[in-house]
>>> print(open('data.txt').read())   # compact mmCIF, C-alpha atoms
# COMPACT_ATOMS: atom_id res chain seq x y z
CA MET A 140 3.90 -25.48 4.45
CA ARG A 141 6.96 -27.55 5.37
CA LYS A 142 8.81 -26.12 8.35
CA SER A 143 12.08 -27.60 7.10
CA LYS A 144 12.16 -24.86 4.50
CA PHE A 145 12.27 -22.17 7.18
CA THR A 146 15.53 -23.12 8.85
CA PRO A 147 17.28 -20.37 10.85
CA GLU A 148 20.10 -20.41 8.30
CA ARG A 149 17.73 -19.65 5.44
CA GLN A 150 16.00 -16.96 7.43
CA GLN A 151 19.32 -15.28 8.19
CA ARG A 152 20.31 -15.58 4.54
CA PHE A 153 17.06 -13.91 3.50
CA ILE A 154 17.41 -11.08 6.05
CA LYS A 155 21.00 -10.41 5.00
CA ALA A 156 20.12 -10.36 1.31
CA LEU A 157 17.12 -8.12 1.96
CA SER A 158 19.27 -5.60 3.83
CA GLU A 159 21.74 -5.55 0.92
CA THR A 160 19.32 -5.47 -2.01
CA GLY A 161 16.06 -4.12 -0.65
CA SER A 162 14.26 -6.61 -2.89
CA VAL A 163 12.05 -9.30 -1.36
CA SER A 164 12.06 -11.38 -4.54
CA THR A 165 15.85 -11.30 -4.84
CA ALA A 166 16.39 -12.04 -1.16
CA ALA A 167 13.92 -14.92 -1.21
CA ALA A 168 15.60 -16.44 -4.27
CA LEU A 169 19.05 -16.16 -2.66
CA ALA A 170 17.69 -17.86 0.46
CA GLY A 171 16.09 -20.66 -1.54
CA MET A 172 12.55 -19.58 -0.58
CA SER A 173 9.58 -18.22 -2.48
CA ARG A 174 7.91 -14.84 -1.94
CA THR A 175 4.79 -16.60 -0.69
CA GLN A 176 6.77 -18.57 1.86
CA VAL A 177 8.60 -15.59 3.33
CA TYR A 178 5.40 -13.53 3.56
CA GLU A 179 3.61 -16.40 5.28
CA LEU A 180 6.49 -16.74 7.74
CA ARG A 181 6.38 -13.02 8.50
CA LYS A 182 2.71 -13.34 9.47
CA VAL A 183 3.31 -16.05 12.07
CA ASP A 184 6.82 -15.23 13.33
CA PRO A 185 7.11 -11.85 15.13
CA ALA A 186 10.89 -12.13 15.46
CA PHE A 187 11.25 -12.73 11.74
CA ALA A 188 8.89 -9.81 11.02
CA THR A 189 10.98 -7.50 13.23
CA ALA A 190 14.20 -8.57 11.53
CA TRP A 191 12.50 -7.97 8.15
CA GLU A 192 11.64 -4.38 9.10
CA GLU A 193 15.19 -3.72 10.30
CA ALA A 194 16.59 -5.14 7.06
CA GLU A 195 14.37 -2.83 5.01
CA GLU A 196 15.59 0.15 7.07
CA ILE A 197 19.18 -0.84 6.38
CA ALA A 198 18.44 -1.16 2.66
CA ALA A 199 16.79 2.27 2.66
CA ASP A 200 19.86 3.74 4.38
CA ARG A 201 22.07 2.20 1.71
CA LEU A 202 19.98 3.78 -1.03
CA GLU A 203 20.03 7.16 0.69
CA ASN A 204 23.80 7.02 1.10
CA GLU A 205 24.25 6.17 -2.56
CA ALA A 206 21.91 8.99 -3.59
CA ARG A 207 23.86 11.41 -1.40
CA ARG A 208 27.13 10.24 -2.94
CA ARG A 209 25.84 10.79 -6.45
CA ALA A 210 24.34 14.16 -5.55
CA VAL A 211 27.18 15.61 -3.46
CA GLU A 212 30.34 13.74 -4.42
CA GLY A 213 29.29 13.01 -7.99
CA VAL A 214 30.16 10.06 -10.17
CA PRO A 215 32.89 9.90 -12.84
CA GLU A 216 31.70 9.66 -16.41
CA PRO A 217 33.58 9.73 -19.72
CA LEU A 218 33.48 13.07 -21.52
CA VAL A 219 31.52 12.86 -24.76
CA SER A 220 31.48 15.50 -27.51
CA ALA A 221 29.54 15.26 -30.77
CA GLY A 222 28.70 11.66 -29.91
CA LYS A 223 32.35 10.65 -29.52
CA LEU A 224 34.59 9.98 -26.53
CA VAL A 225 37.08 12.73 -25.83
CA ARG A 226 40.53 11.27 -25.18
CA ASP A 227 43.73 12.68 -23.71
CA ASP A 228 47.15 12.68 -25.30
CA ASP A 229 47.67 9.09 -24.21
CA GLY A 230 44.45 7.96 -25.86
CA GLN A 231 42.64 7.42 -22.59
CA PRO A 232 39.02 8.67 -22.18
CA ILE A 233 38.82 11.94 -20.27
CA MET A 234 36.65 11.50 -17.18
CA VAL A 235 34.49 14.23 -15.69
CA ARG A 236 32.51 14.22 -12.46
CA ARG A 237 28.75 14.52 -12.81
CA TYR A 238 26.39 15.63 -10.07
CA SER A 239 22.65 15.11 -9.78
CA ASP A 240 20.66 18.17 -8.76
CA ASN A 241 17.46 16.12 -8.85
CA LEU A 242 18.82 13.65 -6.31
CA LEU A 243 20.01 16.51 -4.11
CA GLN A 244 16.57 18.14 -4.17
CA ALA A 245 14.91 14.81 -3.37
CA LEU A 246 17.21 14.31 -0.39
CA MET A 247 16.49 17.82 0.87
CA ARG A 248 12.73 17.29 0.57
CA ALA A 249 13.01 14.00 2.47
CA ARG A 250 15.17 15.42 5.25
CA ARG A 251 13.66 18.89 5.45
CA PRO A 252 10.14 18.94 4.04
CA PRO A 253 8.51 22.35 3.55
CA PRO A 254 7.04 23.64 6.82
CA ARG A 255 3.34 23.11 7.17
CA GLU A 256 1.31 26.26 7.37
CA ARG A 257 -0.41 26.69 10.70
CA SER A 258 -4.12 27.29 10.95
CA VAL A 259 -5.04 30.92 11.52
CA ARG A 260 -7.82 31.45 14.02
CA PHE A 261 -8.79 35.02 13.41
CA GLN A 262 -12.27 36.48 13.39
CA LEU A 263 -12.78 38.91 10.53
CA PRO A 264 -15.54 41.51 10.72
CA ALA A 265 -18.65 40.63 8.75
CA LEU A 266 -18.31 41.44 5.05
CA ARG A 267 -21.67 42.40 3.60
CA SER A 268 -20.63 45.20 1.25
CA THR A 269 -17.56 47.02 -0.04
CA ALA A 270 -17.89 49.47 2.87
CA ASP A 271 -16.95 46.66 5.28
CA ALA A 272 -13.55 46.18 3.64
CA ALA A 273 -12.00 49.07 5.58
CA ASP A 274 -13.02 47.52 8.91
CA ALA A 275 -11.59 44.17 7.85
CA VAL A 276 -8.24 45.65 6.80
CA ALA A 277 -8.05 47.62 10.07
CA ALA A 278 -8.72 44.45 12.08
CA ILE A 279 -5.98 42.60 10.18
CA ALA A 280 -3.48 45.40 10.82
CA ALA A 281 -4.34 45.41 14.52
CA ALA A 282 -3.83 41.65 14.70
CA VAL A 283 -0.37 41.98 13.16
CA ALA A 284 0.54 44.75 15.59
CA SER A 285 -0.50 42.61 18.56
CA GLY A 286 1.37 39.57 17.30
CA GLU A 287 -1.79 37.53 16.87
CA ILE A 288 -0.93 36.81 13.23
CA THR A 289 2.23 37.15 11.15
CA PRO A 290 2.67 39.64 8.28
CA GLY A 291 2.54 36.74 5.81
CA GLU A 292 -0.74 35.53 7.26
CA ALA A 293 -2.05 39.08 7.14
CA ALA A 294 -1.22 39.26 3.45
CA GLU A 295 -3.17 36.06 2.80
CA LEU A 296 -6.16 37.37 4.77
CA SER A 297 -6.03 40.67 2.88
CA ARG A 298 -6.14 38.78 -0.41
CA LEU A 299 -9.19 36.88 0.81
CA VAL A 300 -10.90 40.14 1.72
CA ASP A 301 -10.02 41.65 -1.66
CA ASN A 302 -11.34 38.62 -3.56
CA TYR A 303 -14.55 38.62 -1.53
CA ILE A 304 -15.13 42.34 -2.15
CA ARG A 305 -14.49 41.84 -5.86
CA ALA A 306 -17.10 39.08 -5.87
CA ILE A 307 -19.58 41.38 -4.11
CA ASP A 308 -18.87 44.17 -6.63
CA THR A 309 -19.34 41.81 -9.57
CA ASP A 310 -22.61 40.49 -8.18
CA GLY A 311 -23.82 44.07 -7.57
CA ILE A 312 -23.01 45.12 -11.12
CA ILE A 313 -24.91 42.14 -12.52
CA GLN A 314 -27.93 42.93 -10.36
CA ARG A 315 -27.92 46.61 -11.43
CA LEU A 316 -27.69 45.66 -15.09
CA GLN A 317 -30.56 43.23 -14.72
CA ALA A 318 -32.67 45.88 -12.95
CA LEU A 319 -31.89 48.44 -15.66
CA GLU A 320 -32.79 45.97 -18.39
CA ALA A 321 -36.08 45.15 -16.67
CA LYS A 322 -36.87 48.87 -16.29
CA LEU A 323 -36.18 49.53 -19.96
CA ASN A 324 -38.37 46.64 -21.01
CA ALA A 325 -41.19 47.93 -18.81
CA THR A 326 -41.09 51.53 -20.10
CA THR A 327 -40.49 50.88 -23.82
CA PRO A 328 -43.83 50.30 -25.73
CA GLN A 329 -43.95 47.27 -27.92
CA THR A 330 -45.13 48.72 -31.27
CA GLY A 331 -45.27 47.17 -34.61
CA ILE A 332 -47.28 47.19 -37.81
CA ALA A 333 -48.43 43.95 -39.29
CA ALA A 334 -48.76 44.24 -43.04
CA SER A 335 -50.60 42.07 -45.46
CA ARG A 336 -50.25 42.02 -49.19
CA VAL A 337 -53.42 42.33 -51.23
CA PRO A 338 -53.14 40.60 -54.61
CA GLY A 339 -52.79 43.23 -57.30
CA GLY A 340 -52.77 46.14 -54.83
CA PRO A 341 -50.54 47.97 -52.41
CA ILE A 342 -49.62 46.80 -48.92
CA LYS A 343 -52.26 47.89 -46.43
CA PRO A 344 -51.82 48.01 -42.69
CA ASP A 345 -54.00 45.70 -40.65
>>> encode(input="data.txt", output="structure tokens")
Amino acid sequence: MRKSKFTPERQQRFIKALSETGSVSTAAALAGMSRTQVYELRKVDPAFATAWEEAEEIAADRLENEARRRAVEGVPEPLVSAGKLVRDDDGQPIMVRRYSDNLLQALMRARRPPPRERSVRFQLPALRSTADAADAVAAIAAAVASGEITPGEAAELSRLVDNYIRAIDTDGIIQRLQALEAKLNATTPQTGIAASRVPGGPIKPD
């Protein structure tokens, strides 16, 4: 590594280009340096590394501002109909302003991400059978009344209780069907007649 390649002027040129383009490859080329050289310099020069981070923040701000402009202010585009430019009486293309809903949604998600759901620490009564569902629902209602949980959280807990009770009911039905099948198999005699054919004669039971 030749230190002459990392002159302060080249470093400043790289940082400026990086803040404008956001591209390490482009900034390195404009500064007359390679990607390998600038990454090696960042490892050993804390000041250069700090300036690099600030340049990337500036580049990100530029991109965000441009996205906001396209989403909110829109960009002019020529009006096209049936694959042809629509022109005014003077023969000039008619321009319309286009907006990007996708960019607007992306900006909103970045600035205001959906709120994270908080963990609910609530002790439900033991659920061993369908009879326990009433106690669970009563406990959830009491928790809402006391402000321990929100109505939305209560709705989620109620769905959990309902799904659990449904699972218990389904398991109980399967067990009853299996017991009934076993009982029928035990009480129904297994009868049958084995027949053999005698050559030249009728079929006689064994």
>>> atom_distance(input="data.txt", atom1="CA of Ser220 (chain A)", atom2="CA of Ala206 (chain A)")
26.6 Å
>>> atom_distance(input="data.txt", atom1="CA of Ala306 (chain A)", atom2="CA of Arg267 (chain A)")
11.0 Å
>>> atom_distance(input="data.txt", atom1="CA of Pro264 (chain A)", atom2="CA of Arg315 (chain A)")
25.9 Å
>>> residues_near_point(input="data.txt", point="(36.5, 9.5, -20.5)", cutoff="6 Å", atoms="all atoms listed in the file", output="mmCIF file with C-alpha atoms, keeping the file's coordinate frame")
data_model
loop_
_atom_site.group_PDB
_atom_site.id
_atom_site.type_symbol
_atom_site.label_atom_id
_atom_site.label_comp_id
_atom_site.auth_asym_id
_atom_site.auth_seq_id
_atom_site.Cartn_x
_atom_site.Cartn_y
_atom_site.Cartn_z
ATOM 1 C CA PRO A 217 33.580 9.730 -19.720
ATOM 2 C CA LEU A 218 33.480 13.070 -21.520
ATOM 3 C CA PRO A 232 39.020 8.670 -22.180
ATOM 4 C CA ILE A 233 38.820 11.940 -20.270
ATOM 5 C CA MET A 234 36.650 11.500 -17.180
#
>>> closest_residue(input="data.txt", among="A:Ala272, A:Ala198, A:Ala318, A:Val177", to="Ser158 (chain A)", atoms="only C-alpha atoms")
A:Ala198
>>> residues_around(input="data.txt", residues="Ala156 (chain A)", least_positions_apart="2", cutoff="9 Å", atoms="all atoms listed in the file", output="NGL selection string")
:A and (151-154 or 158-163 or 165-167 or 169-170 or 194)
>>> closest_residue(input="data.txt", among="A:Ile313, A:Ala199, A:Ala278, A:Val219", to="Ser297 (chain A)", atoms="only C-alpha atoms")
A:Ala278
>>> axis_aligned_box(input="data.txt", around="region 158-161 of chain A", padding_each_side="4 Å", output="lines of an AutoDock Vina configuration file")
center_x = 18.9
center_y = -4.9
center_z = 0.9
size_x = 13.7
size_y = 9.5
size_z = 13.8
>>> residues_around(input="data.txt", residues="Leu242 (chain A)", least_positions_apart="4", cutoff="10 Å", atoms="only C-alpha atoms", output="tab-separated table (two decimals) with C-alpha atoms, in the frame of the given file")
chain	number	residue	atom	x	y	z
A	203	GLU	CA	20.03	7.16	0.69
A	205	GLU	CA	24.25	6.17	-2.56
A	206	ALA	CA	21.91	8.99	-3.59
A	207	ARG	CA	23.86	11.41	-1.40
A	208	ARG	CA	27.13	10.24	-2.94
A	209	ARG	CA	25.84	10.79	-6.45
A	210	ALA	CA	24.34	14.16	-5.55
A	211	VAL	CA	27.18	15.61	-3.46
A	238	TYR	CA	26.39	15.63	-10.07
A	246	LEU	CA	17.21	14.31	-0.39
A	247	MET	CA	16.49	17.82	0.87
A	248	ARG	CA	12.73	17.29	0.57
>>> residues_around(input="data.txt", residues="Ser164 (chain A)", least_positions_apart="5", cutoff="9 Å", atoms="all atoms listed in the file", output="PyMOL selection string")
chain A and resi 157+169+173-174
>>> closest_residue(input="data.txt", among="A:Glu195, A:Asp271, A:Gln262, A:Gly230", to="Glu287 (chain A)", atoms="only C-alpha atoms")
A:Gln262
>>> closest_residue(input="data.txt", among="A:Ala275, A:Ile288, A:Met172, A:Leu316", to="Val300 (chain A)", atoms="all atoms listed in the file")
A:Ala275
